[in-house]
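A short worksheet on the structure shown next.
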Number of protein chains: 2
Amino acid sequence: MSHFDLHTQLDKDTIFLHDLDICQVRLVDDQRFPWLMLVPRIHAAVEFTDLNEANSIQVMREIRQVSQILEHWAQPDKINIAMLGNLVPQLHIHIVARKTNDSAWPGPVWGVPGTVRYKANDRMQAIRTLKSSFTW
Amino acid sequence: MSHFDLHTQLDKDTIFLHDLDICQVRLVDDQRFPWLMLVPRIHAAVEFTDLNEANSIQVMREIRQVSQILEHWAQPDKINIAMLGNLVPQLHIHIVARKTNDSAWPGPVWGVPGTVRYKANDRMQAIRTLKSSFTW
């Protein structure tokens, strides 16, 4: 694995959970939406097409694994998966658990103002539960 | 390939371009954003995790191929890739060419009112150019 630095904005908005083979898994610190993020630990990757074939297959596998963990944790009505990068160029993948009664439904969650950071106890509980979901 | 029906809303908003091994590729009829859509021709798929491993690898390959075609066609500043499905449950993948001076930048394109359908000549030209990009 080559040199990897996490973008300062991602570091500010999210919390480390687990390192998979390629991606670092992080919890987005916004209690409005159960929301995980995958950051491929690949230097200078911006677009999905910057990954080589083997890495993109592995990232796709990790997207599936983390989606299943999120489904189990949050019991959502729908999962949203996206690679945008309009504000933070470092390649990262959003996996968001949506409920039909969440505050942004049926719109997307990105750019919706009013981030609600987890309360300390809730954050600790979420991190503990999610970390225990990674059995590989 | 199992039975496949395109959701009526996707049929209304997009135009057929090409059938890849798994996905049907369509042009979103909105001149504000160069925007392609992949619809896996797999009956009843809603979440990405509904695909089996082999199909998800192939869909990922097709996302890469179509991203490259879109990059070549639209010369974007950023590609946005997303599977949302909050309004249309049938699994579909958005691949959107973003420019830093487009009308939604840096926000997402979904739910932004004011769809501008292509003029007939522009639509015909876009379809011709894009269809000729599929050499497989």
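If you're wondering about the labels, chains in the structure tokens are A, B, ... by order shown, residues count from 1 in each chain, ligands from 1 in order shown.
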
Could you give me the residues within chain A that DSSP places in strand (DSSP E), as a ChimeraX atom specification? /A:14-19,23-28,35-40,78-83,93-98

Against chain A, which residues of chain B fall within 9 Å? For each one I want the closest pair of atoms and the distance in Å (one decimal), counting only C-alpha atoms, rows by chain and increasing residue number, as a Markdown table.
```
| residue | atom | partner | partner_atom | distance |
| --- | --- | --- | --- | --- |
| B:Val46 | CA | A:Lys78 | CA | 8.8 |
| B:Glu47 | CA | A:Ile79 | CA | 6.9 |
| B:Phe48 | CA | A:Arg64 | CA | 7.3 |
| B:Thr49 | CA | A:Arg64 | CA | 5.9 |
| B:Glu53 | CA | A:Arg61 | CA | 8.0 |
| B:Ser56 | CA | A:Met60 | CA | 7.7 |
| B:Ile57 | CA | A:Ile57 | CA | 6.2 |
| B:Met60 | CA | A:Met60 | CA | 7.1 |
| B:Arg61 | CA | A:Glu53 | CA | 8.0 |
| B:Ile63 | CA | A:Thr49 | CA | 9.0 |
| B:Arg64 | CA | A:Thr49 | CA | 5.9 |
| B:Gln65 | CA | A:Thr49 | CA | 8.6 |
| B:Ser67 | CA | A:Thr49 | CA | 7.4 |
| B:Gln68 | CA | A:Thr49 | CA | 7.5 |
| B:Asp77 | CA | A:Asn86 | CA | 8.9 |
| B:Lys78 | CA | A:Asn86 | CA | 6.8 |
| B:Ile79 | CA | A:Glu47 | CA | 6.9 |
| B:Asn80 | CA | A:Leu84 | CA | 4.5 |
| B:Ile81 | CA | A:Met83 | CA | 5.1 |
| B:Ala82 | CA | A:Ala82 | CA | 4.1 |
| B:Met83 | CA | A:Ile81 | CA | 5.1 |
| B:Leu84 | CA | A:Asn80 | CA | 4.5 |
| B:Gly85 | CA | A:Asn80 | CA | 7.3 |
| B:Asn86 | CA | A:Pro106 | CA | 5.5 |
| B:Leu87 | CA | A:Pro106 | CA | 6.6 |
| B:Pro89 | CA | A:Lys78 | CA | 8.8 |
| B:Arg98 | CA | A:Asn86 | CA | 8.4 |
| B:Thr100 | CA | A:Asn86 | CA | 8.4 |
| B:Trp105 | CA | A:Asn86 | CA | 7.6 |
| B:Pro106 | CA | A:Asn86 | CA | 5.5 |
| B:Gly107 | CA | A:Gly111 | CA | 6.1 |
| B:Pro108 | CA | A:Trp110 | CA | 6.9 |
| B:Trp110 | CA | A:Pro108 | CA | 6.8 |
| B:Gly111 | CA | A:Gly107 | CA | 6.1 |
```

If you keep C-alpha atoms, can you produce a file of those selected residues as a CSV table (one decimal), in the first residue's frame?
```csv
chain,number,residue,atom,x,y,z
B,46,VAL,CA,-33.1,-2.6,-5.9
B,47,GLU,CA,-29.9,-2.4,-3.7
B,48,PHE,CA,-26.4,-2.8,-5.0
B,49,THR,CA,-26.1,-5.7,-2.5
B,53,GLU,CA,-20.6,-11.2,-6.6
B,56,SER,CA,-21.5,-6.7,-9.2
B,57,ILE,CA,-17.9,-7.1,-10.5
B,60,MET,CA,-18.4,-2.2,-11.6
B,61,ARG,CA,-16.5,-2.7,-14.9
B,63,ILE,CA,-19.3,1.8,-14.5
B,64,ARG,CA,-15.6,2.3,-15.3
B,65,GLN,CA,-16.2,1.9,-19.0
B,67,SER,CA,-17.2,6.8,-16.9
B,68,GLN,CA,-14.4,6.9,-19.4
B,77,ASP,CA,-13.9,18.7,-14.0
B,78,LYS,CA,-15.3,15.9,-11.8
B,79,ILE,CA,-17.3,12.7,-12.3
B,80,ASN,CA,-20.1,12.0,-9.8
B,81,ILE,CA,-21.2,8.3,-9.5
B,82,ALA,CA,-24.2,7.4,-7.4
B,83,MET,CA,-26.8,4.8,-6.6
B,84,LEU,CA,-29.6,6.5,-4.8
B,85,GLY,CA,-33.0,5.1,-5.7
B,86,ASN,CA,-35.0,7.2,-3.2
B,87,LEU,CA,-37.6,8.0,-5.9
B,89,PRO,CA,-36.6,1.8,-6.6
B,98,ARG,CA,-19.7,18.0,-13.5
B,100,THR,CA,-17.2,23.8,-11.7
B,105,TRP,CA,-21.9,23.0,-8.5
B,106,PRO,CA,-20.6,22.1,-5.9
B,107,GLY,CA,-23.9,20.6,-4.8
B,108,PRO,CA,-25.4,17.3,-6.1
B,110,TRP,CA,-30.4,15.3,-7.9
B,111,GLY,CA,-33.5,17.1,-7.0
```

Within 10 Å of Phe4 in chain A using only C-alpha atoms, minus same-chain residues under 4 positions, as a list in words: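 Using only C-alpha atoms, the neighbours found are Val39, Pro40, Arg41, Ile42, His43 and Ala44 of chain A.
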
For the selection just defined, write its residues with N, CA and C atoms to a file, as an mmCIF file, in the first residue's frame.
```cif
data_model
loop_
_atom_site.group_PDB
_atom_site.id
_atom_site.type_symbol
_atom_site.label_atom_id
_atom_site.label_comp_id
_atom_site.auth_asym_id
_atom_site.auth_seq_id
_atom_site.Cartn_x
_atom_site.Cartn_y
_atom_site.Cartn_z
ATOM 1 N N VAL A 39 -12.558 5.242 2.437
ATOM 2 C CA VAL A 39 -11.496 6.021 1.801
ATOM 3 C C VAL A 39 -10.407 5.052 1.355
ATOM 4 N N PRO A 40 -10.282 4.832 0.038
ATOM 5 C CA PRO A 40 -9.213 3.943 -0.428
ATOM 6 C C PRO A 40 -7.845 4.510 -0.022
ATOM 7 N N ARG A 41 -7.026 3.658 0.577
ATOM 8 C CA ARG A 41 -5.698 4.111 1.019
ATOM 9 C C ARG A 41 -4.741 4.035 -0.165
ATOM 10 N N ILE A 42 -5.054 4.816 -1.176
ATOM 11 C CA ILE A 42 -4.272 4.819 -2.411
ATOM 12 C C ILE A 42 -3.920 6.268 -2.711
ATOM 13 N N HIS A 43 -2.655 6.538 -2.761
ATOM 14 C CA HIS A 43 -2.167 7.902 -2.902
ATOM 15 C C HIS A 43 -2.672 8.549 -4.190
ATOM 16 N N ALA A 44 -3.220 9.738 -4.042
ATOM 17 C CA ALA A 44 -3.570 10.607 -5.180
ATOM 18 C C ALA A 44 -4.744 10.112 -6.020
#
```

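Omitting Ala126 in chain A and its sequence neighbours fewer than 5 positions away, and counting only C-alpha atoms, the residues within 12 Å are A:Ile15, A:Phe16, A:Leu17, A:Arg26, A:Leu27, A:Val28, A:Asp29, A:Asp30, A:Gln31, A:Pro34, A:Trp35, A:Leu36, A:Leu70, A:Trp73, A:Ala74, A:Tyr118, A:Lys119, A:Ala120, A:Asn121, A:Lys131, A:Ser132, A:Ser133.
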
Polymer residues at most 12 Å from Thr135 in chain A, only C-alpha atoms, same-chain spacing of 5 or more positions, as a ChimeraX atom specification: /A:18-20,65-66,69,129-130

Okay, now the selection with N, CA, C and O atoms, as a PDB file, in the first residue's frame?
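Produced file again07.pdb, reproduced below:
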```pdb
ATOM      1  N   HIS A  18     -12.178   1.293  11.017  1.00  0.00           N
ATOM      2  CA  HIS A  18     -11.548   0.016  10.680  1.00  0.00           C
ATOM      3  C   HIS A  18     -10.776   0.167   9.364  1.00  0.00           C
ATOM      4  O   HIS A  18     -11.192   0.918   8.497  1.00  0.00           O
ATOM      5  N   ASP A  19      -9.683  -0.583   9.238  1.00  0.00           N
ATOM      6  CA  ASP A  19      -8.978  -0.660   7.957  1.00  0.00           C
ATOM      7  C   ASP A  19      -9.284  -1.982   7.283  1.00  0.00           C
ATOM      8  O   ASP A  19      -8.938  -3.049   7.813  1.00  0.00           O
ATOM      9  N   LEU A  20      -9.944  -1.918   6.122  1.00  0.00           N
ATOM     10  CA  LEU A  20     -10.106  -3.102   5.282  1.00  0.00           C
ATOM     11  C   LEU A  20      -8.872  -3.224   4.382  1.00  0.00           C
ATOM     12  O   LEU A  20      -7.924  -2.458   4.522  1.00  0.00           O
ATOM     13  N   GLN A  65     -19.560  -5.091   1.480  1.00  0.00           N
ATOM     14  CA  GLN A  65     -19.438  -5.522   2.878  1.00  0.00           C
ATOM     15  C   GLN A  65     -19.923  -4.423   3.831  1.00  0.00           C
ATOM     16  O   GLN A  65     -20.680  -4.691   4.774  1.00  0.00           O
ATOM     17  N   VAL A  66     -19.488  -3.213   3.564  1.00  0.00           N
ATOM     18  CA  VAL A  66     -19.840  -2.110   4.470  1.00  0.00           C
ATOM     19  C   VAL A  66     -21.321  -1.759   4.330  1.00  0.00           C
ATOM     20  O   VAL A  66     -21.977  -1.405   5.319  1.00  0.00           O
ATOM     21  N   ILE A  69     -23.062  -4.151   6.591  1.00  0.00           N
ATOM     22  CA  ILE A  69     -22.903  -3.759   7.996  1.00  0.00           C
ATOM     23  C   ILE A  69     -23.837  -2.593   8.332  1.00  0.00           C
ATOM     24  O   ILE A  69     -24.503  -2.578   9.375  1.00  0.00           O
ATOM     25  N   THR A 129     -20.340  -0.568  18.498  1.00  0.00           N
ATOM     26  CA  THR A 129     -21.172  -1.511  17.733  1.00  0.00           C
ATOM     27  C   THR A 129     -20.594  -1.743  16.351  1.00  0.00           C
ATOM     28  O   THR A 129     -20.486  -2.891  15.885  1.00  0.00           O
ATOM     29  N   LEU A 130     -20.224  -0.669  15.681  1.00  0.00           N
ATOM     30  CA  LEU A 130     -19.733  -0.808  14.305  1.00  0.00           C
ATOM     31  C   LEU A 130     -18.392  -1.540  14.278  1.00  0.00           C
ATOM     32  O   LEU A 130     -18.177  -2.415  13.441  1.00  0.00           O
TER      33      LEU A 130
END
```

Two-atom distance - CA of Val25 in chain B, CA of Leu38 in chain B (Å):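 About the pair CA of Val25 in chain B and CA of Leu38 in chain B: they are 4.7 Å apart.
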
Interatomic distance (Å, one decimal) between CA of Arg128 in chain A and CA of His92 in chain A: 22.6 Å
